[in-house]
>>> print(open('start09.csv').read())   # CSV, C-alpha atoms and all ligand atoms
chain,number,residue,atom,x,y,z
A,1,MET,CA,10.7,-20.1,13.9
A,2,LYS,CA,11.9,-21.2,10.5
A,3,PRO,CA,12.3,-18.4,7.9
A,4,TYR,CA,9.6,-18.2,5.3
A,5,PRO,CA,10.5,-19.9,2.0
A,6,ASP,CA,11.3,-17.7,-1.1
A,7,PHE,CA,8.6,-16.6,-3.5
A,8,LEU,CA,8.1,-18.8,-6.5
A,9,ASP,CA,9.9,-16.8,-9.3
A,10,SER,CA,7.6,-16.2,-12.3
A,11,THR,CA,10.0,-14.1,-14.3
A,12,SER,CA,10.4,-16.8,-17.0
A,13,LEU,CA,6.6,-16.7,-17.6
A,14,ALA,CA,6.5,-12.9,-18.0
A,15,ALA,CA,5.7,-13.0,-21.7
A,16,ASP,CA,3.1,-15.8,-21.4
A,17,GLY,CA,-0.3,-14.3,-20.4
A,18,PRO,CA,-2.2,-17.6,-20.0
A,19,ALA,CA,0.7,-19.1,-17.9
A,20,LEU,CA,0.8,-16.0,-15.6
A,21,ARG,CA,-3.0,-16.1,-15.3
A,22,ASP,CA,-3.0,-19.8,-14.3
A,23,ARG,CA,-0.3,-19.4,-11.7
A,24,LEU,CA,-2.0,-16.3,-10.3
A,25,ALA,CA,-5.2,-18.3,-10.0
A,26,ARG,CA,-3.4,-21.1,-8.3
A,27,ASP,CA,-1.1,-19.3,-5.9
A,28,GLY,CA,-2.8,-15.9,-5.5
A,29,TYR,CA,0.5,-14.1,-6.3
A,30,LEU,CA,3.3,-13.7,-8.9
A,31,PHE,CA,6.9,-12.6,-8.2
A,32,VAL,CA,8.5,-11.1,-11.3
A,33,ARG,CA,12.0,-9.7,-11.5
A,34,ASN,CA,13.0,-6.7,-13.7
A,35,LEU,CA,9.4,-5.6,-14.3
A,36,LEU,CA,10.6,-2.1,-14.6
A,37,PRO,CA,14.1,-0.8,-15.5
A,38,ALA,CA,16.2,-0.5,-12.2
A,39,GLN,CA,17.3,3.0,-13.1
A,40,ALA,CA,13.6,4.3,-13.4
A,41,ILE,CA,13.1,3.0,-9.8
A,42,LEU,CA,16.4,4.5,-8.5
A,43,ASP,CA,15.6,7.9,-10.0
A,44,VAL,CA,12.2,8.0,-8.3
A,45,ARG,CA,13.9,6.8,-5.0
A,46,ASP,CA,16.3,9.8,-5.3
A,47,ARG,CA,13.5,12.2,-5.9
A,48,LEU,CA,11.5,11.0,-2.8
A,49,LEU,CA,14.6,10.8,-0.6
A,50,ARG,CA,15.3,14.5,-1.4
A,51,LYS,CA,11.8,15.4,-0.3
A,52,ALA,CA,12.1,13.1,2.8
A,53,ALA,CA,15.4,14.9,3.7
A,54,GLU,CA,13.7,18.3,3.3
A,55,GLY,CA,11.0,17.1,5.6
A,56,GLY,CA,13.6,16.1,8.3
A,57,TRP,CA,13.0,12.3,7.9
A,58,LEU,CA,16.7,11.5,7.1
A,59,ASP,CA,19.8,11.4,9.2
A,60,PRO,CA,21.6,14.6,8.2
A,61,THR,CA,25.0,13.1,9.0
A,62,ALA,CA,24.6,10.3,6.4
A,63,PRO,CA,24.7,10.6,2.6
A,64,MET,CA,21.2,11.2,1.4
A,65,ASN,CA,21.1,8.3,-1.0
A,66,ALA,CA,21.8,5.9,1.9
A,67,GLY,CA,18.2,6.7,3.0
A,68,ILE,CA,19.1,6.4,6.7
A,69,ALA,CA,16.2,7.4,8.9
A,70,ASN,CA,16.3,10.2,11.5
A,71,PRO,CA,15.0,8.2,14.4
A,72,ALA,CA,13.7,11.4,16.1
A,73,ALA,CA,11.4,12.0,13.1
A,74,ALA,CA,9.8,8.4,13.1
A,75,CYS,CA,6.1,8.7,12.2
A,76,LYS,CA,3.5,6.9,10.4
A,77,ASP,CA,0.4,7.3,8.2
A,78,PRO,CA,-2.1,8.9,9.0
A,79,GLU,CA,-0.5,11.0,11.8
A,80,ASP,CA,-0.3,14.8,11.0
A,81,ARG,CA,3.5,14.9,11.1
A,82,TYR,CA,3.7,12.0,8.6
A,83,MET,CA,1.1,13.6,6.3
A,84,ARG,CA,2.9,17.0,6.2
A,85,VAL,CA,6.0,15.4,4.5
A,86,PHE,CA,4.3,12.5,2.8
A,87,ARG,CA,2.0,14.5,0.7
A,88,HIS,CA,5.0,15.9,-1.2
A,89,LEU,CA,6.3,12.4,-1.8
A,90,TRP,CA,2.9,11.1,-2.9
A,91,CYS,CA,2.4,13.9,-5.4
A,92,ASP,CA,5.7,13.2,-7.2
A,93,GLU,CA,5.1,13.1,-10.9
A,94,GLU,CA,7.7,10.5,-11.8
A,95,LEU,CA,6.3,8.2,-9.0
A,96,HIS,CA,2.8,8.5,-10.6
A,97,ARG,CA,4.2,7.6,-14.0
A,98,LEU,CA,5.7,4.3,-12.7
A,99,ARG,CA,2.3,2.6,-12.3
A,100,ILE,CA,1.3,3.4,-15.9
A,101,HIS,CA,4.7,2.5,-17.4
A,102,PRO,CA,3.9,0.5,-20.6
A,103,ALA,CA,5.8,-2.5,-19.3
A,104,ILE,CA,3.3,-2.7,-16.3
A,105,ILE,CA,0.1,-2.1,-18.3
A,106,ASP,CA,1.2,-4.6,-21.0
A,107,LEU,CA,1.9,-7.2,-18.3
A,108,PHE,CA,-1.5,-6.8,-16.8
A,109,THR,CA,-3.1,-6.8,-20.2
A,110,ARG,CA,-1.4,-10.2,-20.9
A,111,ILE,CA,-2.6,-11.5,-17.6
A,112,PHE,CA,-6.2,-10.4,-18.1
A,113,GLY,CA,-6.4,-11.2,-21.8
A,114,GLU,CA,-8.1,-7.8,-22.2
A,115,PRO,CA,-7.2,-4.1,-21.7
A,116,ALA,CA,-6.0,-3.4,-18.2
A,117,LEU,CA,-6.9,-0.4,-16.0
A,118,ALA,CA,-4.5,1.1,-13.5
A,119,HIS,CA,-6.5,2.6,-10.6
A,120,PRO,CA,-5.9,6.3,-10.4
A,121,MET,CA,-5.4,6.0,-6.6
A,122,PHE,CA,-2.3,4.2,-5.4
A,123,VAL,CA,-0.3,4.0,-2.2
A,124,GLN,CA,3.3,5.1,-1.5
A,125,ARG,CA,4.7,3.8,1.8
A,126,ASN,CA,7.6,5.0,4.0
A,127,ILE,CA,8.3,2.6,6.8
A,128,PHE,CA,10.6,3.9,9.5
A,129,PRO,CA,12.9,1.3,11.2
A,130,GLN,CA,11.3,-0.6,14.0
A,131,ALA,CA,12.6,0.8,17.3
A,132,GLY,CA,11.5,0.6,21.0
A,133,ASN,CA,7.8,0.8,21.0
A,134,PHE,CA,7.6,2.3,17.5
A,135,ASP,CA,6.4,-0.3,15.1
A,136,PHE,CA,4.8,0.5,11.8
A,137,THR,CA,5.0,-3.0,10.3
A,138,THR,CA,1.9,-3.5,8.2
A,139,GLY,CA,-0.2,-6.2,9.8
A,140,ILE,CA,-2.0,-9.2,8.2
A,141,HIS,CA,-4.8,-8.2,5.9
A,142,GLN,CA,-6.6,-8.6,2.6
A,143,ASP,CA,-7.1,-5.7,0.2
A,144,ARG,CA,-10.6,-6.5,-1.0
A,145,VAL,CA,-12.4,-4.6,1.8
A,146,HIS,CA,-10.5,-1.5,1.1
A,147,ILE,CA,-10.5,-1.5,-2.7
A,148,GLY,CA,-13.9,-3.0,-3.5
A,149,GLY,CA,-15.2,-3.1,-7.1
A,150,ALA,CA,-14.5,-6.2,-9.2
A,151,THR,CA,-11.6,-8.5,-8.5
A,152,ASN,CA,-8.4,-6.5,-8.7
A,153,TYR,CA,-4.7,-7.1,-8.3
A,154,ALA,CA,-2.0,-5.2,-6.4
A,155,LEU,CA,1.5,-4.5,-7.7
A,156,TRP,CA,3.9,-4.0,-4.8
A,157,MET,CA,7.3,-2.6,-5.6
A,158,PRO,CA,10.0,-1.3,-3.3
A,159,LEU,CA,11.7,1.9,-4.4
A,160,GLY,CA,15.2,0.5,-4.3
A,161,SER,CA,16.5,-2.8,-3.2
A,162,CYS,CA,14.6,-4.5,-0.3
A,163,PRO,CA,16.1,-7.4,1.5
A,164,ARG,CA,13.8,-9.3,3.9
A,165,GLU,CA,15.2,-7.4,6.9
A,166,LYS,CA,14.2,-4.0,5.4
A,167,GLY,CA,10.5,-5.0,5.6
A,168,ALA,CA,9.8,-6.9,2.4
A,169,LEU,CA,6.2,-8.0,1.8
A,170,ALA,CA,5.1,-11.6,2.5
A,171,VAL,CA,2.0,-13.3,1.1
A,172,ALA,CA,0.1,-16.4,2.2
A,173,ALA,CA,0.2,-18.4,-1.0
A,174,GLY,CA,-3.1,-20.0,-1.7
A,175,SER,CA,-5.1,-17.9,0.8
A,176,HIS,CA,-7.0,-16.0,-1.9
A,177,THR,CA,-9.3,-19.0,-2.4
A,178,ALA,CA,-10.7,-18.6,1.2
A,179,GLY,CA,-12.8,-15.4,0.2
A,180,VAL,CA,-13.1,-12.4,2.4
A,181,LEU,CA,-12.0,-13.3,6.0
A,182,PRO,CA,-13.5,-11.7,9.2
A,183,THR,CA,-11.6,-8.7,10.5
A,184,LYS,CA,-10.9,-7.0,13.8
A,185,VAL,CA,-9.5,-3.6,14.8
A,186,GLY,CA,-5.7,-3.6,14.5
A,187,THR,CA,-2.6,-2.2,12.9
A,188,GLY,CA,-3.1,-3.6,9.4
A,189,ALA,CA,-4.1,-1.5,6.4
A,190,GLY,CA,-7.1,0.7,7.3
A,191,GLY,CA,-6.7,-0.1,11.0
A,192,MET,CA,-7.9,-3.7,10.6
A,193,ASP,CA,-6.4,-7.1,11.1
A,194,ILE,CA,-7.7,-10.6,10.2
A,195,ALA,CA,-9.5,-12.3,13.1
A,196,VAL,CA,-9.2,-16.0,12.1
A,197,PRO,CA,-6.3,-18.4,11.5
A,198,ILE,CA,-4.5,-17.6,8.2
A,199,PRO,CA,-5.0,-20.1,5.4
A,200,GLY,CA,-2.2,-20.8,2.9
A,201,THR,CA,1.7,-20.8,3.2
A,202,TRP,CA,3.7,-17.7,4.0
A,203,VAL,CA,6.4,-16.8,1.4
A,204,THR,CA,8.6,-13.8,1.0
A,205,GLY,CA,11.9,-12.8,-0.6
A,206,ALA,CA,14.5,-10.1,-1.4
A,207,PHE,CA,13.7,-7.5,-4.1
A,208,ASN,CA,16.1,-5.8,-6.4
A,209,PRO,CA,15.1,-2.4,-7.9
A,210,GLY,CA,12.5,-3.1,-10.6
A,211,ASP,CA,11.3,-6.4,-9.1
A,212,GLY,CA,7.6,-6.6,-8.4
A,213,LEU,CA,5.0,-8.7,-6.5
A,214,ILE,CA,1.5,-9.1,-7.9
A,215,PHE,CA,-1.3,-10.5,-5.7
A,216,GLN,CA,-5.0,-10.8,-5.8
A,217,ASP,CA,-7.3,-8.7,-3.5
A,218,THR,CA,-8.2,-11.7,-1.3
A,219,THR,CA,-4.6,-12.9,-1.0
A,220,VAL,CA,-3.6,-12.5,2.7
A,221,HIS,CA,-0.4,-10.5,3.1
A,222,LYS,CA,1.7,-8.5,5.6
A,223,ALA,CA,5.0,-6.7,5.7
A,224,LEU,CA,8.1,-8.0,7.6
A,225,PRO,CA,9.5,-5.6,10.2
A,226,ASN,CA,12.1,-3.1,9.0
A,227,ARG,CA,15.1,-4.0,11.1
A,228,THR,CA,17.6,-1.8,9.1
A,229,ARG,CA,18.4,1.9,9.8
A,230,GLU,CA,16.9,2.9,6.4
A,231,ILE,CA,13.4,4.1,5.6
A,232,ARG,CA,11.7,1.4,3.5
A,233,MET,CA,10.1,3.1,0.6
A,234,SER,CA,7.7,1.3,-1.7
A,235,PHE,CA,4.5,1.8,-3.8
A,236,ASP,CA,1.5,-0.4,-4.3
A,237,ALA,CA,-0.9,0.2,-7.1
A,238,ARG,CA,-4.0,-1.7,-8.2
A,239,PHE,CA,-5.0,-3.1,-11.6
A,240,GLN,CA,-8.1,-4.7,-13.1
A,241,PRO,CA,-9.7,-5.5,-16.4
A,242,LEU,CA,-11.0,-2.2,-17.9
A,243,SER,CA,-14.4,-3.8,-18.6
A,244,GLN,CA,-15.1,-4.4,-14.8
A,245,PRO,CA,-16.6,-2.0,-12.3
A,246,ILE,CA,-14.2,0.1,-10.1
A,247,ALA,CA,-15.1,1.5,-6.7
A,248,ASP,CA,-15.4,5.2,-6.3
A,249,VAL,CA,-12.6,5.4,-3.6
A,250,ASN,CA,-10.0,4.5,-6.2
A,251,MET,CA,-10.8,7.5,-8.3
A,252,THR,CA,-9.5,10.2,-5.9
A,253,PRO,CA,-6.0,11.0,-4.7
A,254,TYR,CA,-4.6,9.5,-1.5
A,255,ALA,CA,-6.5,10.9,1.5
A,256,GLY,CA,-4.9,14.1,2.7
A,257,CYS,CA,-3.2,14.9,-0.6
A,258,GLY,CA,-5.9,17.3,-2.0
A,259,THR,CA,-7.7,17.1,-5.4
A,260,TRP,CA,-6.2,15.9,-8.7
A,261,GLU,CA,-5.9,19.6,-9.6
A,262,ASP,CA,-3.9,20.2,-6.4
A,263,VAL,CA,-1.6,17.2,-7.2
A,264,TYR,CA,-1.1,18.1,-10.9
A,265,ALA,CA,-0.4,21.8,-10.0
A,266,THR,CA,3.0,20.6,-8.6
A,267,TRP,CA,4.0,18.8,-11.9
A,268,GLU,CA,6.3,20.1,-14.6
A,269,LYS,CA,4.9,17.9,-17.4
A,270,PRO,CA,1.4,16.9,-18.2
A,271,ASP,CA,2.3,13.3,-19.2
A,272,GLY,CA,0.1,10.8,-17.3
A,273,GLN,CA,-2.4,13.3,-15.9
A,274,TYR,CA,-6.0,12.0,-15.9
A,275,PHE,CA,-4.9,9.0,-17.9
A,276,TRP,CA,-8.3,7.4,-17.2
A,277,LYS,CA,-10.5,10.3,-18.5
A,278,ASP,CA,-11.3,8.8,-21.8
A,279,PHE,CA,-11.9,5.2,-20.5
A,280,PRO,CA,-15.5,4.0,-20.4
A,281,LEU,CA,-15.5,3.3,-16.6
A,282,GLU,CA,-18.3,1.9,-14.5
A,283,ILE,CA,-17.8,3.5,-11.1
A,284,VAL,CA,-19.6,1.8,-8.2
A,285,PRO,CA,-19.8,2.7,-4.4
A,286,LEU,CA,-17.4,0.9,-2.0
A,287,ASP,CA,-19.2,-1.5,0.3
A,288,ARG,CA,-18.5,0.3,3.5
A,289,SER,CA,-20.0,-2.3,5.9
A,290,HIS,CA,-16.5,-3.5,6.9
A,291,TYR,CA,-15.5,0.0,7.9
A,292,GLU,CA,-18.8,0.5,9.8
A,293,ARG,CA,-18.1,-2.6,11.8
A,294,ARG,CA,-14.5,-1.5,12.4
A,295,ASP,CA,-15.6,1.9,13.6
A,296,ALA,CA,-18.2,0.5,16.0
A,297,MET,CA,-15.5,-1.9,17.4
A,298,ALA,CA,-12.8,0.9,17.6
A,299,PHE,CA,-15.2,3.2,19.5
A,300,GLU,CA,-16.0,0.5,22.0
A,301,MET,CA,-12.3,-0.4,22.5
A,302,ALA,CA,-11.2,3.2,22.8
A,303,GLU,CA,-14.0,3.9,25.4
A,304,ARG,CA,-12.3,1.1,27.4
A,305,GLY,CA,-8.9,2.7,26.9
A,306,ASP,CA,-7.5,0.0,24.6
A,307,ARG,CA,-4.7,1.6,22.5
A,308,GLN,CA,-5.1,-1.0,19.8
A,309,ALA,CA,-7.9,1.1,18.6
A,310,ARG,CA,-5.7,4.1,18.0
A,311,ASP,CA,-4.9,3.5,14.3
A,312,ALA,CA,-8.6,3.0,13.4
A,313,ILE,CA,-9.5,6.1,15.5
A,314,LEU,CA,-6.9,8.2,13.6
A,315,ARG,CA,-8.4,7.0,10.3
A,316,ILE,CA,-11.9,8.0,11.3
A,317,ILE,CA,-10.6,11.5,12.2
A,318,GLN,CA,-8.8,11.8,8.9
A,319,ARG,CA,-11.2,10.1,6.5
A,320,ASP,CA,-14.8,9.8,7.8
A,321,LYS,CA,-17.3,12.0,6.1
A,322,ASP,CA,-19.6,12.2,9.2
A,323,PRO,CA,-18.6,15.2,11.4
A,324,ALA,CA,-20.2,13.6,14.5
A,325,LYS,CA,-18.1,10.5,14.1
A,326,ARG,CA,-15.0,12.6,13.6
A,327,SER,CA,-15.5,14.6,16.7
A,328,ARG,CA,-16.2,11.5,18.8
A,329,ALA,CA,-13.0,10.0,17.5
A,330,GLU,CA,-11.1,13.2,18.3
A,331,GLU,CA,-12.3,13.1,21.8
A,332,LEU,CA,-11.4,9.5,22.2
A,333,LEU,CA,-7.9,10.0,20.7
A,334,GLY,CA,-7.3,12.8,23.3
A,335,ARG,CA,-8.3,10.3,26.1
A,336,LEU,CA,-6.1,7.5,24.7
A,337,ASP,CA,-3.1,9.8,24.3
A,338,ALA,CA,-3.6,11.3,27.8
A,339,ALA,CA,-3.7,7.9,29.5
B,401,LIG,O1,4.1,-2.0,2.1
B,401,LIG,C1,3.5,-2.4,3.1
B,401,LIG,O2,4.0,-2.3,4.3
B,401,LIG,C2,2.1,-3.0,3.0
B,401,LIG,C3,1.6,-3.1,1.6
B,401,LIG,C4,0.3,-3.6,1.5
B,401,LIG,O3,-0.4,-4.0,2.4
B,401,LIG,C5,-0.4,-3.7,0.2
B,401,LIG,O4,0.3,-3.5,-0.9
B,401,LIG,O5,-1.6,-4.0,0.1
>>> encode(input="start09.csv", output="structure tokens")
Amino acid sequence: MKPYPDFLDSTSLAADGPALRDRLARDGYLFVRNLLPAQAILDVRDRLLRKAAEGGWLDPTAPMNAGIANPAAACKDPEDRYMRVFRHLWCDEELHRLRIHPAIIDLFTRIFGEPALAHPMFVQRNIFPQAGNFDFTTGIHQDRVHIGGATNYALWMPLGSCPREKGALAVAAGSHTAGVLPTKVGTGAGGMDIAVPIPGTWVTGAFNPGDGLIFQDTTVHKALPNRTREIRMSFDARFQPLSQPIADVNMTPYAGCGTWEDVYATWEKPDGQYFWKDFPLEIVPLDRSHYERRDAMAFEMAERGDRQARDAILRIIQRDKDPAKRSRAEELLGRLDAA
């Protein structure tokens, strides 16, 4: 297979809001170099690597800042042993401040032509190297079904440099115009994959610290496999015009990380805490019909012993509000793992 072409580089347009907006509307993504100072990214990387080392994720025989994974510790969200270490990384105060850095908020304000809102919720990812039957490569998906609200845009940024082989993100340019595509149970975000042929053209590229990829919530995307020995660390945050509704799920901390009070109790400085509290937000419920369909499919697959349902079953256990569904999922997980 021919390698995917490089992203179209929009760095030269970064000061020109209307040009960025037009390109984002045309391609569904923008790749911008030096969005944040490289040193700010590397400092956060060091902080997270220290926590990863304390949690046993790194090879103790290698220098910490090489970020070499301890293969025996390989784990993935939402497994318990992942969450035990991850919650300390996710709570990191300097990590939280990256997504509200003035350079980022100003860029989105230029793109929207009106004040931009950073969602309180965001994701931080730690992708262990692919090995044997361990593969945590994010599958093909769209964000819309998970984020809801009005049209919103992701900013994906690796914490450090990220060549293609370390699991860079790839987007299907132009796919955002196809709307929300049908999904099936899988290993993509939220335990769902897209069930139809992918529209658009796959593009990807190598990131330096501070480079970022912006894409719309209907832009189809996936990660490339991490074929290095390092853990690939990144964060992805969501942005939208402040005047538009935001779904309730984006107002709480990452699942399994406690309340905002719990998160902020670990911080040394108050900067950036509750940055949204004085904004006039319209908060709406997430349309959960996609999850309901996923769950019905996952239960049916798990009953048949299909391990493809495992990620979705784990998410029901960790995140569903219905105790009856959680206990059915626990029982099915036990059966899947015993088989
Ligand atoms: O970082 C990854 O592996 C996936 C990121 C992603 O799916 C997203 O930013 O929506």
>>> closest_atom_pairs(input="start09.csv", of="range 115-148 of chain A", to="range 98-109 of chain A", cutoff="9 Å", atoms="only C-alpha atoms", output="JSON lines")
{"residue": "A:Pro115", "atom": "CA", "partner": "A:Thr109", "partner_atom": "CA", "distance": 5.1}
{"residue": "A:Ala116", "atom": "CA", "partner": "A:Thr109", "partner_atom": "CA", "distance": 4.9}
{"residue": "A:Leu117", "atom": "CA", "partner": "A:Ile105", "partner_atom": "CA", "distance": 7.6}
{"residue": "A:Ala118", "atom": "CA", "partner": "A:Ile100", "partner_atom": "CA", "distance": 6.7}
{"residue": "A:His119", "atom": "CA", "partner": "A:Arg99", "partner_atom": "CA", "distance": 9.0}
{"residue": "A:Phe122", "atom": "CA", "partner": "A:Arg99", "partner_atom": "CA", "distance": 8.4}
>>> residues_near_point(input="start09.csv", point="(-5.7, -9.7, 12.7)", cutoff="6 Å", atoms="only C-alpha atoms", output="compact mmCIF listing (two decimals) with C-alpha atoms, keeping the file's coordinate frame")
# COMPACT_ATOMS: atom_id res chain seq x y z
CA ILE A 140 -2.00 -9.20 8.20
CA LYS A 184 -10.90 -7.00 13.80
CA ASP A 193 -6.40 -7.10 11.10
CA ILE A 194 -7.70 -10.60 10.20
CA ALA A 195 -9.50 -12.30 13.10
>>> closest_atom_pairs(input="start09.csv", of="chain A", to="ligand LIG 401 (chain B)", cutoff="9 Å", atoms="only C-alpha atoms and all ligand atoms", output="JSON lines")
{"residue": "A:Val123", "atom": "CA", "partner": "B:LIG401", "partner_atom": "O4", "distance": 7.6}
{"residue": "A:Gln124", "atom": "CA", "partner": "B:LIG401", "partner_atom": "O1", "distance": 8.0}
{"residue": "A:Arg125", "atom": "CA", "partner": "B:LIG401", "partner_atom": "O1", "distance": 5.8}
{"residue": "A:Asn126", "atom": "CA", "partner": "B:LIG401", "partner_atom": "O1", "distance": 8.1}
{"residue": "A:Ile127", "atom": "CA", "partner": "B:LIG401", "partner_atom": "O2", "distance": 7.0}
{"residue": "A:Phe136", "atom": "CA", "partner": "B:LIG401", "partner_atom": "O2", "distance": 8.0}
{"residue": "A:Thr137", "atom": "CA", "partner": "B:LIG401", "partner_atom": "O2", "distance": 6.1}
{"residue": "A:Thr138", "atom": "CA", "partner": "B:LIG401", "partner_atom": "O2", "distance": 4.6}
{"residue": "A:Gly139", "atom": "CA", "partner": "B:LIG401", "partner_atom": "O3", "distance": 7.7}
{"residue": "A:Ile140", "atom": "CA", "partner": "B:LIG401", "partner_atom": "O3", "distance": 8.0}
{"residue": "A:His141", "atom": "CA", "partner": "B:LIG401", "partner_atom": "O3", "distance": 7.0}
{"residue": "A:Gln142", "atom": "CA", "partner": "B:LIG401", "partner_atom": "O5", "distance": 7.2}
{"residue": "A:Asp143", "atom": "CA", "partner": "B:LIG401", "partner_atom": "O5", "distance": 5.8}
{"residue": "A:Ala154", "atom": "CA", "partner": "B:LIG401", "partner_atom": "O4", "distance": 6.2}
{"residue": "A:Leu155", "atom": "CA", "partner": "B:LIG401", "partner_atom": "O4", "distance": 7.0}
{"residue": "A:Trp156", "atom": "CA", "partner": "B:LIG401", "partner_atom": "O4", "distance": 5.3}
{"residue": "A:Met157", "atom": "CA", "partner": "B:LIG401", "partner_atom": "O1", "distance": 8.4}
{"residue": "A:Pro158", "atom": "CA", "partner": "B:LIG401", "partner_atom": "O1", "distance": 8.0}
{"residue": "A:Gly167", "atom": "CA", "partner": "B:LIG401", "partner_atom": "O2", "distance": 7.2}
{"residue": "A:Ala168", "atom": "CA", "partner": "B:LIG401", "partner_atom": "O1", "distance": 7.5}
{"residue": "A:Leu169", "atom": "CA", "partner": "B:LIG401", "partner_atom": "C1", "distance": 6.4}
{"residue": "A:Gly188", "atom": "CA", "partner": "B:LIG401", "partner_atom": "O3", "distance": 7.5}
{"residue": "A:Ala189", "atom": "CA", "partner": "B:LIG401", "partner_atom": "O3", "distance": 6.0}
{"residue": "A:Leu213", "atom": "CA", "partner": "B:LIG401", "partner_atom": "O4", "distance": 9.0}
{"residue": "A:Phe215", "atom": "CA", "partner": "B:LIG401", "partner_atom": "O4", "distance": 8.6}
{"residue": "A:Asp217", "atom": "CA", "partner": "B:LIG401", "partner_atom": "O5", "distance": 8.2}
{"residue": "A:His221", "atom": "CA", "partner": "B:LIG401", "partner_atom": "O3", "distance": 6.5}
{"residue": "A:Lys222", "atom": "CA", "partner": "B:LIG401", "partner_atom": "O3", "distance": 5.9}
{"residue": "A:Ala223", "atom": "CA", "partner": "B:LIG401", "partner_atom": "O2", "distance": 4.7}
{"residue": "A:Leu224", "atom": "CA", "partner": "B:LIG401", "partner_atom": "O2", "distance": 7.8}
{"residue": "A:Pro225", "atom": "CA", "partner": "B:LIG401", "partner_atom": "O2", "distance": 8.7}
{"residue": "A:Arg232", "atom": "CA", "partner": "B:LIG401", "partner_atom": "O1", "distance": 8.4}
{"residue": "A:Met233", "atom": "CA", "partner": "B:LIG401", "partner_atom": "O1", "distance": 8.0}
{"residue": "A:Ser234", "atom": "CA", "partner": "B:LIG401", "partner_atom": "O1", "distance": 6.2}
{"residue": "A:Phe235", "atom": "CA", "partner": "B:LIG401", "partner_atom": "O1", "distance": 7.0}
{"residue": "A:Asp236", "atom": "CA", "partner": "B:LIG401", "partner_atom": "O4", "distance": 4.8}
{"residue": "A:Ala237", "atom": "CA", "partner": "B:LIG401", "partner_atom": "O4", "distance": 7.3}
{"residue": "A:Arg238", "atom": "CA", "partner": "B:LIG401", "partner_atom": "O4", "distance": 8.7}
>>> closest_residue(input="start09.csv", among="A:Ala72, A:Ile313, A:Ile231, A:Leu42", to="Arg335 in chain A", atoms="all atoms listed in the file")
A:Ile313
>>> closest_residue(input="start09.csv", among="A:Arg87, A:Arg50, A:His96, A:His176", to="Arg144 in chain A", atoms="only C-alpha atoms")
A:His176
>>> closest_residue(input="start09.csv", among="A:Ile41, A:Asn208, A:Tyr82, A:Ala247", to="Ile283 in chain A", atoms="all atoms listed in the file")
A:Ala247
>>> build_atoms(input="start09.csv", residues="range 200-212 of chain A", atoms="N, CA and C atoms", output="mmCIF file, in the coordinates of the input")
data_model
loop_
_atom_site.group_PDB
_atom_site.id
_atom_site.type_symbol
_atom_site.label_atom_id
_atom_site.label_comp_id
_atom_site.auth_asym_id
_atom_site.auth_seq_id
_atom_site.Cartn_x
_atom_site.Cartn_y
_atom_site.Cartn_z
ATOM 1 N N GLY A 200 -3.255 -20.900 3.871
ATOM 2 C CA GLY A 200 -2.200 -20.800 2.900
ATOM 3 C C GLY A 200 -0.788 -20.895 3.565
ATOM 4 N N THR A 201 0.252 -20.615 2.788
ATOM 5 C CA THR A 201 1.700 -20.800 3.200
ATOM 6 C C THR A 201 2.400 -19.483 3.027
ATOM 7 N N TRP A 202 2.997 -18.965 4.094
ATOM 8 C CA TRP A 202 3.700 -17.700 4.000
ATOM 9 C C TRP A 202 4.971 -17.848 3.121
ATOM 10 N N VAL A 203 5.150 -16.912 2.189
ATOM 11 C CA VAL A 203 6.400 -16.800 1.400
ATOM 12 C C VAL A 203 6.790 -15.379 1.283
ATOM 13 N N THR A 204 8.080 -15.155 1.089
ATOM 14 C CA THR A 204 8.600 -13.800 1.000
ATOM 15 C C THR A 204 9.880 -13.826 0.150
ATOM 16 N N GLY A 205 10.631 -12.741 0.142
ATOM 17 C CA GLY A 205 11.900 -12.800 -0.600
ATOM 18 C C GLY A 205 12.542 -11.400 -0.646
ATOM 19 N N ALA A 206 13.704 -11.364 -1.276
ATOM 20 C CA ALA A 206 14.500 -10.100 -1.400
ATOM 21 C C ALA A 206 14.211 -9.537 -2.791
ATOM 22 N N PHE A 207 13.994 -8.222 -2.825
ATOM 23 C CA PHE A 207 13.700 -7.500 -4.100
ATOM 24 C C PHE A 207 14.898 -6.707 -4.520
ATOM 25 N N ASN A 208 15.182 -6.722 -5.825
ATOM 26 C CA ASN A 208 16.100 -5.800 -6.400
ATOM 27 C C ASN A 208 15.285 -4.649 -7.042
ATOM 28 N N PRO A 209 15.913 -3.484 -7.308
ATOM 29 C CA PRO A 209 15.100 -2.400 -7.900
ATOM 30 C C PRO A 209 14.500 -2.857 -9.225
ATOM 31 N N GLY A 210 13.185 -2.675 -9.357
ATOM 32 C CA GLY A 210 12.500 -3.100 -10.600
ATOM 33 C C GLY A 210 11.735 -4.389 -10.429
ATOM 34 N N ASP A 211 12.025 -5.172 -9.382
ATOM 35 C CA ASP A 211 11.300 -6.400 -9.100
ATOM 36 C C ASP A 211 9.914 -6.079 -8.553
ATOM 37 N N GLY A 212 8.921 -6.902 -8.868
ATOM 38 C CA GLY A 212 7.600 -6.600 -8.400
ATOM 39 C C GLY A 212 6.834 -7.845 -7.924
#
